[in-house]
>>> print(open('my_file.cif').read())   # mmCIF, C-alpha atoms and all ligand atoms
data_coords
loop_
_atom_site.label_atom_id
_atom_site.label_comp_id
_atom_site.auth_asym_id
_atom_site.auth_seq_id
_atom_site.Cartn_x
_atom_site.Cartn_y
_atom_site.Cartn_z
CA MET A 1 19.42 12.58 -15.96
CA ALA A 2 21.63 15.59 -16.66
CA GLY A 3 22.09 16.11 -20.36
CA MET A 4 18.98 14.24 -21.37
CA ALA A 5 16.41 16.04 -23.46
CA GLN A 6 13.04 16.54 -21.80
CA GLU A 7 11.48 14.29 -24.43
CA GLU A 8 13.91 11.45 -23.60
CA ILE A 9 13.26 11.81 -19.88
CA GLU A 10 9.50 11.65 -20.36
CA LYS A 11 9.84 8.63 -22.63
CA GLU A 12 11.95 6.80 -20.05
CA LEU A 13 9.63 7.68 -17.18
CA ALA A 14 6.59 6.54 -19.17
CA THR A 15 8.24 3.14 -19.64
CA VAL A 16 8.97 2.85 -15.93
CA TYR A 17 5.49 3.92 -14.85
CA THR A 18 3.78 1.31 -16.99
CA VAL A 19 5.39 -1.56 -15.06
CA LEU A 20 2.85 -1.08 -12.28
CA THR A 21 0.49 1.87 -12.08
CA TYR A 22 -1.66 2.78 -9.09
CA GLU A 23 -4.65 1.79 -11.21
CA ASP A 24 -3.15 -1.72 -11.62
CA TYR A 25 -2.28 -1.89 -7.91
CA GLU A 26 -5.79 -0.94 -6.83
CA ALA A 27 -7.41 -3.28 -9.38
CA GLY A 28 -5.30 -6.10 -7.91
CA LEU A 29 -6.46 -5.24 -4.39
CA LYS A 30 -10.10 -5.41 -5.50
CA GLU A 31 -9.38 -8.96 -6.73
CA GLY A 32 -7.74 -9.88 -3.43
CA ARG A 33 -4.16 -9.66 -4.75
CA LEU A 34 -1.30 -7.58 -3.39
CA VAL A 35 0.80 -6.64 -6.40
CA GLY A 36 4.26 -5.14 -6.13
CA LEU A 37 7.52 -5.03 -8.03
CA LYS A 38 10.53 -7.31 -8.02
CA CYS A 39 13.94 -5.77 -8.61
CA ALA A 40 16.14 -7.48 -11.21
CA SER A 41 19.27 -5.91 -9.64
CA CYS A 42 18.93 -6.82 -5.95
CA GLY A 43 16.07 -9.33 -6.07
CA LYS A 44 14.02 -7.56 -3.41
CA ILE A 45 10.34 -6.67 -3.54
CA THR A 46 8.89 -3.15 -3.55
CA CYS A 47 5.23 -2.43 -2.86
CA HIS A 48 3.21 -0.17 -3.64
CA PRO A 49 3.96 1.20 -7.15
CA MET A 50 7.23 3.12 -7.39
CA HIS A 51 9.48 4.03 -10.27
CA VAL A 52 12.62 2.76 -8.58
CA CYS A 53 13.43 -0.12 -6.25
CA GLN A 54 13.01 1.12 -2.67
CA TRP A 55 16.09 -0.85 -1.59
CA CYS A 56 18.72 -0.12 -4.28
CA SER A 57 17.11 2.54 -6.53
CA SER A 58 17.42 0.34 -9.64
CA ARG A 59 14.82 0.87 -12.34
CA SER A 60 14.91 -2.76 -13.51
CA LEU A 61 11.56 -3.74 -12.07
CA GLU A 62 8.99 -6.35 -12.98
CA ARG A 63 5.61 -7.14 -11.48
CA ALA A 64 5.45 -9.55 -8.60
CA GLU A 65 2.59 -10.82 -6.51
CA LEU A 66 3.02 -10.77 -2.73
CA CYS A 67 1.50 -13.48 -0.52
CA GLY A 68 -0.55 -10.95 1.46
CA GLU A 69 0.84 -12.07 4.81
CA GLY A 70 2.92 -10.08 7.22
CA GLU A 71 3.30 -8.56 10.65
CA LEU A 72 1.42 -5.60 12.11
CA THR A 73 4.07 -2.90 12.56
CA THR A 74 1.86 -0.16 13.92
CA PHE A 75 -1.68 1.21 13.86
CA THR A 76 -3.91 3.92 15.27
CA VAL A 77 -7.62 4.19 15.91
CA ILE A 78 -9.28 7.17 14.21
CA ARG A 79 -12.30 8.46 16.13
CA VAL A 80 -12.19 12.09 14.97
CA PRO A 81 -12.31 11.80 11.19
CA PRO A 82 -10.62 13.98 8.64
CA GLU A 83 -13.02 15.69 6.25
CA GLY A 84 -14.54 13.12 3.90
CA PHE A 85 -14.10 10.17 6.27
CA GLU A 86 -16.99 10.93 8.66
CA ALA A 87 -18.87 7.73 7.80
CA ASP A 88 -15.82 5.54 8.48
CA VAL A 89 -15.18 6.21 12.18
CA PRO A 90 -13.95 4.46 14.11
CA TYR A 91 -11.40 2.93 11.76
CA ILE A 92 -7.86 1.63 12.06
CA PRO A 93 -5.16 2.71 9.61
CA CYS A 94 -2.17 0.40 9.91
CA ILE A 95 1.26 -0.42 8.54
CA VAL A 96 2.10 -4.04 7.78
CA GLU A 97 5.59 -5.38 7.14
CA THR A 98 4.95 -7.96 4.46
CA LYS A 99 6.69 -11.36 4.42
CA GLU A 100 8.50 -10.21 1.28
CA GLY A 101 9.93 -7.17 3.09
CA PRO A 102 8.26 -3.90 2.13
CA CYS A 103 5.85 -2.12 4.47
CA VAL A 104 2.35 -1.47 3.17
CA MET A 105 -0.24 0.97 4.49
CA GLY A 106 -3.80 -0.20 4.81
CA ARG A 107 -6.62 -0.68 7.22
CA LEU A 108 -6.97 -3.23 9.97
CA ASP A 109 -10.23 -5.16 10.15
CA TYR A 110 -10.56 -5.29 13.94
CA ASP A 111 -12.97 -4.08 16.63
CA ALA A 112 -11.73 -0.53 17.33
CA GLU A 113 -13.02 -0.70 20.92
CA ARG A 114 -10.80 -3.73 21.63
CA ALA A 115 -7.65 -2.60 19.80
CA THR A 116 -4.66 -2.31 22.15
CA PRO A 117 -0.89 -1.99 21.60
CA GLU A 118 -0.61 -5.77 22.18
CA LEU A 119 -1.75 -6.15 18.57
CA ILE A 120 1.61 -4.84 17.35
CA GLY A 121 3.71 -7.73 16.11
CA LYS A 122 0.71 -9.98 15.40
CA ARG A 123 0.56 -11.91 12.16
CA VAL A 124 -1.91 -10.46 9.68
CA LYS A 125 -3.22 -11.48 6.30
CA LEU A 126 -4.77 -9.56 3.42
CA SER A 127 -8.53 -10.00 3.81
CA GLY A 128 -9.93 -7.54 1.29
CA ALA A 129 -9.82 -4.00 -0.01
CA TYR A 130 -11.44 -0.78 1.03
CA THR A 131 -12.30 2.03 -1.38
CA TYR A 132 -12.67 5.49 0.09
CA GLU A 133 -14.17 8.35 -1.83
CA GLY A 134 -11.53 10.79 -0.72
CA ASP A 135 -11.73 14.46 0.08
CA LYS A 136 -10.63 17.75 -1.46
CA TYR A 137 -6.99 16.89 -0.69
CA SER A 138 -6.75 13.34 -1.99
CA GLY A 139 -7.62 13.68 -5.67
CA GLY A 140 -10.55 11.29 -5.69
CA ALA A 141 -11.31 7.71 -4.73
CA HIS A 142 -8.58 5.25 -3.84
CA THR A 143 -8.44 1.66 -2.71
CA CYS A 144 -6.23 0.34 0.07
CA PRO A 145 -5.57 -3.16 1.39
CA VAL A 146 -7.45 -4.47 4.43
CA PHE A 147 -5.67 -6.83 6.82
CA LYS A 148 -7.04 -9.23 9.41
CA VAL A 149 -5.21 -10.52 12.49
CA VAL A 150 -4.48 -14.25 12.13
CA GLY A 151 -2.17 -14.90 15.07
ZN ZN A 201 16.75 -3.32 -5.91
#
>>> encode(input="my_file.cif", output="C-alpha cells")
Amino acid sequence: MAGMAQEEIEKELATVYTVLTYEDYEAGLKEGRLVGLKCASCGKITCHPMHVCQWCSSRSLERAELCGEGELTTFTVIRVPPEGFEADVPYIPCIVETKEGPCVMGRLDYDAERATPELIGKRVKLSGAYTYEGDKYSGGAHTCPVFKVVG
C-alpha cells in the first residue's frame, strides 16, 4: 500500500471488512451456520473472518456458508480455568479441520472425563454455539462454534 493516502487505505480496508465481520460470523453461529469467505482468485474457503484469503492473500472474497462438518485436529481439556472462565470447567477447546479446508477453533461437546487422544481424527459436526462473557483481556463477550463427535 506504499504511496496510498491514509484516507484511501482506510476506505479500502472498510470495504474489505464489510464482507464478513466478526459480528456477522458470531450471528451466523447463533443460528447454527458456519459462515466463511470464498476466494474469487483461488476458489478456496477461509473461515473465520479475515481481510485476505488465508491461502493466496487475495482480497477478492465473498461470503460462503460451510457445511459445519470436519475432522477433529486437536483438543485439550481445561480444568484450571483462566480468569473469567471459572464456571466453564471442565471444558474442551478444539481445532477442527473443516471439509472445505480451513481450520476453525471452537469447543468440543464431549464428556471431559472420557476425552482421550483417540478422539483426534474423529468426524465432527457443528452442533451449536457457545457465548462466553470474556475477561479483562478479551474485550467482551464472544461466540464460538461447538462441535459434536459423529464418527
Ligand atoms: Zn485465495
>>> atom_distance(input="my_file.cif", atom1="CA of Cys144 (chain A)", atom2="CA of Tyr130 (chain A)")
5.4 Å
>>> residues_near_ligand(input="my_file.cif", ligand="ligand ZN 201 (chain A)", cutoff="10 Å", atoms="only C-alpha atoms and all ligand atoms", output="MDAnalysis selection string")
chainID A and resid 37:46 52:61
>>> residues_around(input="my_file.cif", residues="Gly68 (chain A)", least_positions_apart="5", cutoff="6 Å", atoms="all atoms listed in the file", output="list in words")
Leu34, Lys125 and Leu126 of chain A
>>> closest_residue(input="my_file.cif", among="A:Pro82, A:Val19, A:Pro49, A:Thr74", to="Ser138 (chain A)", atoms="only C-alpha atoms")
A:Pro82
>>> residues_around(input="my_file.cif", residues="Glu118 (chain A)", least_positions_apart="2", cutoff="12 Å", atoms="only C-alpha atoms", output="list in words")
Leu72, Thr73, Thr74, Phe75, Arg114, Ala115, Thr116, Ile120, Gly121, Lys122, Arg123, Val149 and Gly151 of chain A
>>> closest_residue(input="my_file.cif", among="A:Leu20, A:Met4, A:Ala141, A:Val96", to="Gly84 (chain A)", atoms="all atoms listed in the file")
A:Ala141
>>> residues_near_point(input="my_file.cif", point="(-12.2, -6.1, 15.0)", cutoff="12 Å", atoms="all atoms listed in the file", output="list in words")
Val77, Pro90, Tyr91, Ile92, Arg107, Leu108, Asp109, Tyr110, Asp111, Ala112, Glu113, Arg114, Ala115, Thr116, Leu119, Val146, Phe147, Lys148, Val149 and Val150 of chain A
>>> closest_residue(input="my_file.cif", among="A:Lys136, A:Arg63, A:Lys99, A:His51", to="Glu12 (chain A)", atoms="all atoms listed in the file")
A:His51
>>> closest_residue(input="my_file.cif", among="A:Val35, A:Ala5, A:Leu66, A:Leu29", to="Pro145 (chain A)", atoms="only C-alpha atoms")
A:Leu29
>>> atom_distance(input="my_file.cif", atom1="CA of Met50 (chain A)", atom2="CA of Pro102 (chain A)")
11.9 Å
>>> atom_distance(input="my_file.cif", atom1="CA of Gly32 (chain A)", atom2="CA of Gly101 (chain A)")
19.0 Å
>>> build_atoms(input="my_file.cif", residues="region 23-53 of chain A", atoms="N, CA and C atoms", output="compact mmCIF listing (two decimals), in the frame of the given file")
# COMPACT_ATOMS: atom_id res chain seq x y z
N GLU A 23 -3.40 2.40 -10.72
CA GLU A 23 -4.65 1.79 -11.21
C GLU A 23 -4.54 0.26 -11.18
N ASP A 24 -3.39 -0.26 -11.63
CA ASP A 24 -3.15 -1.72 -11.62
C ASP A 24 -3.12 -2.24 -10.17
N TYR A 25 -2.42 -1.50 -9.32
CA TYR A 25 -2.28 -1.89 -7.91
C TYR A 25 -3.65 -1.99 -7.24
N GLU A 26 -4.47 -0.97 -7.46
CA GLU A 26 -5.79 -0.94 -6.83
C GLU A 26 -6.73 -1.98 -7.44
N ALA A 27 -6.61 -2.23 -8.74
CA ALA A 27 -7.41 -3.28 -9.38
C ALA A 27 -7.04 -4.63 -8.79
N GLY A 28 -5.76 -4.86 -8.53
CA GLY A 28 -5.30 -6.10 -7.91
C GLY A 28 -5.90 -6.26 -6.52
N LEU A 29 -5.90 -5.18 -5.74
CA LEU A 29 -6.46 -5.24 -4.39
C LEU A 29 -7.94 -5.65 -4.43
N LYS A 30 -8.66 -5.09 -5.38
CA LYS A 30 -10.10 -5.41 -5.50
C LYS A 30 -10.32 -6.87 -5.85
N GLU A 31 -9.31 -7.52 -6.42
CA GLU A 31 -9.38 -8.96 -6.73
C GLU A 31 -8.73 -9.80 -5.63
N GLY A 32 -8.33 -9.14 -4.54
CA GLY A 32 -7.74 -9.88 -3.43
C GLY A 32 -6.26 -10.17 -3.59
N ARG A 33 -5.59 -9.43 -4.49
CA ARG A 33 -4.16 -9.66 -4.75
C ARG A 33 -3.37 -8.43 -4.37
N LEU A 34 -2.22 -8.66 -3.74
CA LEU A 34 -1.30 -7.58 -3.39
C LEU A 34 -0.17 -7.62 -4.41
N VAL A 35 -0.16 -6.64 -5.30
CA VAL A 35 0.80 -6.64 -6.40
C VAL A 35 1.89 -5.61 -6.14
N GLY A 36 3.12 -6.04 -6.30
CA GLY A 36 4.26 -5.14 -6.13
C GLY A 36 5.23 -5.29 -7.27
N LEU A 37 6.48 -4.99 -7.01
CA LEU A 37 7.52 -5.03 -8.03
C LEU A 37 8.72 -5.80 -7.51
N LYS A 38 9.30 -6.62 -8.39
CA LYS A 38 10.53 -7.31 -8.02
C LYS A 38 11.69 -6.67 -8.77
N CYS A 39 12.76 -6.44 -8.04
CA CYS A 39 13.94 -5.77 -8.61
C CYS A 39 14.87 -6.80 -9.25
N ALA A 40 15.23 -6.57 -10.51
CA ALA A 40 16.14 -7.48 -11.21
C ALA A 40 17.58 -7.30 -10.71
N SER A 41 17.89 -6.16 -10.11
CA SER A 41 19.27 -5.91 -9.64
C SER A 41 19.56 -6.54 -8.28
N CYS A 42 18.65 -6.33 -7.30
CA CYS A 42 18.93 -6.82 -5.95
C CYS A 42 18.01 -7.96 -5.54
N GLY A 43 16.96 -8.21 -6.33
CA GLY A 43 16.07 -9.33 -6.07
C GLY A 43 15.00 -9.06 -5.02
N LYS A 44 15.00 -7.86 -4.46
CA LYS A 44 14.02 -7.56 -3.41
C LYS A 44 12.70 -7.06 -3.99
N ILE A 45 11.70 -7.06 -3.13
CA ILE A 45 10.34 -6.67 -3.54
C ILE A 45 10.04 -5.26 -3.04
N THR A 46 9.38 -4.48 -3.90
CA THR A 46 8.89 -3.15 -3.55
C THR A 46 7.37 -3.17 -3.69
N CYS A 47 6.69 -2.53 -2.78
CA CYS A 47 5.23 -2.43 -2.86
C CYS A 47 4.83 -1.20 -2.07
N HIS A 48 4.11 -0.38 -2.53
CA HIS A 48 3.21 -0.17 -3.64
C HIS A 48 3.96 0.32 -4.88
N PRO A 49 3.26 0.78 -5.94
CA PRO A 49 3.96 1.20 -7.15
C PRO A 49 5.00 2.31 -6.90
N MET A 50 6.17 2.10 -7.44
CA MET A 50 7.23 3.12 -7.39
C MET A 50 7.99 3.05 -8.70
N HIS A 51 8.71 4.11 -9.03
CA HIS A 51 9.48 4.03 -10.27
C HIS A 51 10.90 3.55 -10.08
N VAL A 52 11.32 3.38 -8.83
CA VAL A 52 12.62 2.76 -8.58
C VAL A 52 12.48 1.77 -7.43
N CYS A 53 13.39 0.83 -7.36
CA CYS A 53 13.43 -0.12 -6.25
C CYS A 53 13.66 0.66 -4.95
